[in-house]
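Student: For reference, the structure I am asking about is given below.
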Amino acid sequence: MLDFDASEANGLTHCFAEIGVPLTEEIRNFYIARNHALWGAFEKGEIPRDEIFAHRFHDTFLHFGIDADGDAMEVAYRKALSTGADLMPYAIEAMDRLVTKYDLYAATNGVGSTQVRRVQDSGLKPYFKDVFISEEVGAQKPELAFFNHCFSHIPNFVKEDALMIGDSLPSDIQGGILAGIDTCWFNFHKEENKTPYQPTYEVCGLLELCELLDV
């Protein structure tokens, strides 16, 4: 529901402007690739989450010879990101329809304080019965422990009635598969699935999701 790409782009533009460094496409693309690689390693259990935040800007600055403090940039970026409440197209319309038929829960590996504020500021909070955040759960997607925690905190939970919807194949879809529930890949950018994780369903937009779920 939240358009992270838009919030990321706005946050990066703001933070690089603050340190007086032009955000070129080359710098942006390097940062995004490095950030994705670090999150991927975290989701595989290869690195602790703090390693992501310690390295993504530090490595970017080092690669381009930028004389700036990576730790300070991380703090500024998280602050900027927490104020980004950009929504995907038709997000509110989709939530208005989905909530009439389903109990909705959010599950995220993102930074707790950032995610809580974004859900609140975006107007999405009233739609969710609960929000499960990995740093509060003590496990992250795709770990089974994360999903088991979510299941145990959902009243009258039945696996056969559940659907994990997400845009990350290794995190959301793999996690749902490991947990034994149906999955739906939100493939907004219409990418090719080059992973071994095969979702039960695939949609490219939120109205398409509503049609799939008959609301």
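The way I read the labels, and the way they are meant: chains A, B, ... in the order of the structure tokens, residue 1 as the first residue of every chain, and ligand 1 as the first ligand shown, with later ones counted on from there.
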Pick out the residues sitting within 12 Å of Ile66 in chain A, and hand them over as a list in words; count only C-alpha atoms, and ignore anything fewer than 6 positions along from it in its own chain.
Tutor: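 With the cut-off at 12 Å, the set is Phe16, Ile19, Gly20, Val21, Pro22, Leu23, Ile27, Phe57, His58, Asp59, Thr60 and Met73 of chain A.
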Student: Show which residues sit within 6 Å of range 138-151 of chain A, as a list in words. Count only C-alpha atoms, and ignore same-chain residues fewer than 4 positions away.
Tutor: Asn109, Ser134, Ser171, Gly175 and Ala179 of chain A
Student: What are the DSSP alpha helix (DSSP H) residues of range 68-161 of chain A, as an NGL selection string?
Tutor: :A and (70-82 or 91-98 or 112-121 or 134-137 or 144-152)
Student: Write out the residues from the selection above, keeping N, CA and C atoms, as a short mmCIF file (atom, residue, chain, number, x, y, z; two decimals), in the first residue's frame.
Tutor:
```
data_model
loop_
_atom_site.label_atom_id
_atom_site.label_comp_id
_atom_site.auth_asym_id
_atom_site.auth_seq_id
_atom_site.Cartn_x
_atom_site.Cartn_y
_atom_site.Cartn_z
N GLY A 70 28.74 8.86 6.84
CA GLY A 70 27.71 7.88 6.54
C GLY A 70 26.73 7.67 7.67
N ASP A 71 27.22 7.70 8.91
CA ASP A 71 26.33 7.51 10.06
C ASP A 71 25.35 8.68 10.20
N ALA A 72 25.84 9.90 10.00
CA ALA A 72 24.96 11.07 10.09
C ALA A 72 23.94 11.05 8.95
N MET A 73 24.38 10.60 7.77
CA MET A 73 23.47 10.51 6.64
C MET A 73 22.37 9.49 6.93
N GLU A 74 22.73 8.40 7.55
CA GLU A 74 21.74 7.37 7.90
C GLU A 74 20.67 7.92 8.82
N VAL A 75 21.08 8.69 9.81
CA VAL A 75 20.13 9.30 10.75
C VAL A 75 19.20 10.26 10.01
N ALA A 76 19.79 11.10 9.15
CA ALA A 76 18.99 12.08 8.41
C ALA A 76 18.03 11.39 7.44
N TYR A 77 18.51 10.33 6.80
CA TYR A 77 17.68 9.62 5.82
C TYR A 77 16.50 8.93 6.51
N ARG A 78 16.74 8.29 7.62
CA ARG A 78 15.64 7.62 8.33
C ARG A 78 14.58 8.64 8.78
N LYS A 79 15.05 9.80 9.20
CA LYS A 79 14.11 10.86 9.59
C LYS A 79 13.29 11.30 8.39
N ALA A 80 13.95 11.48 7.23
CA ALA A 80 13.25 11.89 6.02
C ALA A 80 12.28 10.81 5.56
N LEU A 81 12.72 9.56 5.66
CA LEU A 81 11.90 8.45 5.20
C LEU A 81 10.65 8.30 6.07
N SER A 82 10.79 8.58 7.34
CA SER A 82 9.65 8.41 8.26
C SER A 82 8.52 9.38 7.95
N ALA A 91 -4.63 3.05 -3.45
CA ALA A 91 -4.44 2.39 -2.16
C ALA A 91 -5.66 2.53 -1.25
N ILE A 92 -6.16 3.74 -1.08
CA ILE A 92 -7.30 3.94 -0.17
C ILE A 92 -8.55 3.28 -0.72
N GLU A 93 -8.76 3.39 -2.01
CA GLU A 93 -9.93 2.74 -2.62
C GLU A 93 -9.86 1.22 -2.40
N ALA A 94 -8.69 0.66 -2.57
CA ALA A 94 -8.52 -0.78 -2.38
C ALA A 94 -8.76 -1.17 -0.93
N MET A 95 -8.23 -0.39 0.00
CA MET A 95 -8.41 -0.70 1.42
C MET A 95 -9.88 -0.58 1.82
N ASP A 96 -10.56 0.44 1.28
CA ASP A 96 -11.99 0.60 1.58
C ASP A 96 -12.78 -0.64 1.14
N ARG A 97 -12.37 -1.23 0.04
CA ARG A 97 -13.06 -2.42 -0.47
C ARG A 97 -12.64 -3.68 0.30
N LEU A 98 -11.36 -3.83 0.54
CA LEU A 98 -10.85 -5.05 1.18
C LEU A 98 -11.35 -5.19 2.62
N GLY A 112 11.08 -0.01 12.88
CA GLY A 112 9.83 0.13 13.60
C GLY A 112 9.29 1.55 13.65
N SER A 113 10.11 2.49 14.13
CA SER A 113 9.65 3.86 14.29
C SER A 113 9.27 4.48 12.95
N THR A 114 10.01 4.12 11.91
CA THR A 114 9.73 4.64 10.57
C THR A 114 8.40 4.10 10.06
N GLN A 115 8.21 2.79 10.19
CA GLN A 115 7.01 2.16 9.67
C GLN A 115 5.75 2.61 10.41
N VAL A 116 5.84 2.72 11.72
CA VAL A 116 4.69 3.14 12.52
C VAL A 116 4.23 4.53 12.09
N ARG A 117 5.18 5.43 11.92
CA ARG A 117 4.82 6.80 11.53
C ARG A 117 4.25 6.85 10.12
N ARG A 118 4.83 6.06 9.20
CA ARG A 118 4.36 6.08 7.82
C ARG A 118 2.93 5.52 7.72
N VAL A 119 2.67 4.45 8.45
CA VAL A 119 1.32 3.87 8.44
C VAL A 119 0.32 4.86 9.02
N GLN A 120 0.73 5.56 10.07
CA GLN A 120 -0.15 6.54 10.70
C GLN A 120 -0.40 7.73 9.77
N ASP A 121 0.67 8.31 9.25
CA ASP A 121 0.55 9.52 8.43
C ASP A 121 -0.14 9.27 7.10
N SER A 134 9.29 -6.63 12.46
CA SER A 134 10.29 -7.65 12.76
C SER A 134 11.12 -7.34 14.00
N GLU A 135 11.54 -6.08 14.18
CA GLU A 135 12.39 -5.77 15.33
C GLU A 135 11.64 -5.91 16.65
N GLU A 136 10.31 -5.83 16.62
CA GLU A 136 9.51 -6.05 17.82
C GLU A 136 9.21 -7.53 18.02
N VAL A 137 9.06 -8.24 16.90
CA VAL A 137 8.77 -9.68 16.96
C VAL A 137 10.00 -10.47 17.42
N LEU A 144 10.24 -18.57 9.68
CA LEU A 144 8.99 -19.16 10.14
C LEU A 144 8.59 -18.59 11.50
N ALA A 145 9.59 -18.26 12.33
CA ALA A 145 9.29 -17.71 13.65
C ALA A 145 8.50 -16.40 13.55
N PHE A 146 8.80 -15.60 12.54
CA PHE A 146 8.06 -14.35 12.35
C PHE A 146 6.60 -14.63 12.06
N PHE A 147 6.36 -15.55 11.12
CA PHE A 147 4.99 -15.86 10.74
C PHE A 147 4.24 -16.56 11.87
N ASN A 148 4.91 -17.43 12.59
CA ASN A 148 4.25 -18.10 13.72
C ASN A 148 3.82 -17.08 14.78
N HIS A 149 4.66 -16.07 14.99
CA HIS A 149 4.29 -15.01 15.94
C HIS A 149 3.04 -14.29 15.46
N CYS A 150 3.02 -13.94 14.18
CA CYS A 150 1.84 -13.26 13.62
C CYS A 150 0.60 -14.12 13.79
N PHE A 151 0.71 -15.39 13.43
CA PHE A 151 -0.44 -16.29 13.50
C PHE A 151 -0.98 -16.39 14.92
N SER A 152 -0.06 -16.43 15.88
CA SER A 152 -0.48 -16.60 17.28
C SER A 152 -1.15 -15.35 17.84
#
```
Student: What gap, in Å, lies between CA of Glu202 in chain A and CA of Asp172 in chain A?
Tutor: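 Atom-to-atom, CA of Glu202 in chain A to CA of Asp172 in chain A, that is 12.5 Å.
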Student: Here is a test: counting only C-alpha atoms, which residue of A:Met88, A:Ala68, A:Leu212, A:Val158 is nearest to His189 in chain A?
Tutor: A:Met88
Student: Taking the chain letters and numbering used in this document, name the residues of range 11-147 of chain A that DSSP puts in strand (DSSP E), as JSON, numbers by chain.
Tutor: {"A": [104, 105, 106, 107, 108, 128, 129, 130, 131, 132, 133]}
Student: How would the residues just picked look written out with C-alpha atoms as a tab-separated table (two decimals), in the first residue's frame?
Tutor:
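The resulting part17.tsv:
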```
chain	number	residue	atom	x	y	z
A	104	LEU	CA	-6.17	-6.91	7.35
A	105	TYR	CA	-2.76	-7.13	9.02
A	106	ALA	CA	0.54	-5.50	8.08
A	107	ALA	CA	3.86	-7.36	8.34
A	108	THR	CA	7.16	-5.57	7.79
A	128	PHE	CA	-5.23	-2.76	9.97
A	129	LYS	CA	-6.17	-4.97	12.90
A	130	ASP	CA	-2.49	-5.02	13.87
A	131	VAL	CA	0.97	-4.23	12.51
A	132	PHE	CA	3.74	-6.81	12.97
A	133	ILE	CA	7.27	-5.37	12.87
```
Student: Between A:Gly166, A:Gly40, A:Gly84, A:Gly65, which one has atoms that come closest to Ser122 in chain A, using only C-alpha atoms?
Tutor: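 Nearest candidate to Ser122 in chain A out of A:Gly166, A:Gly40, A:Gly84, A:Gly65: A:Gly84.
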Student: So that I can check the surroundings of Ile181 in chain A, please list as a PyMOL selection string every protein, DNA and RNA residue that reaches within 8 Å of it, counting only C-alpha atoms and ignoring chain neighbours fewer than 4 positions away.
Tutor: chain A and resi 159-160+162-164+176-177
Student: Can you tell me, as a PyMOL selection string, what residues are no more than 12 Å from Leu38 in chain A when counting only C-alpha atoms, ignoring any on the same chain fewer than 4 positions away?
Tutor: chain A and resi 31-34+42-57+59
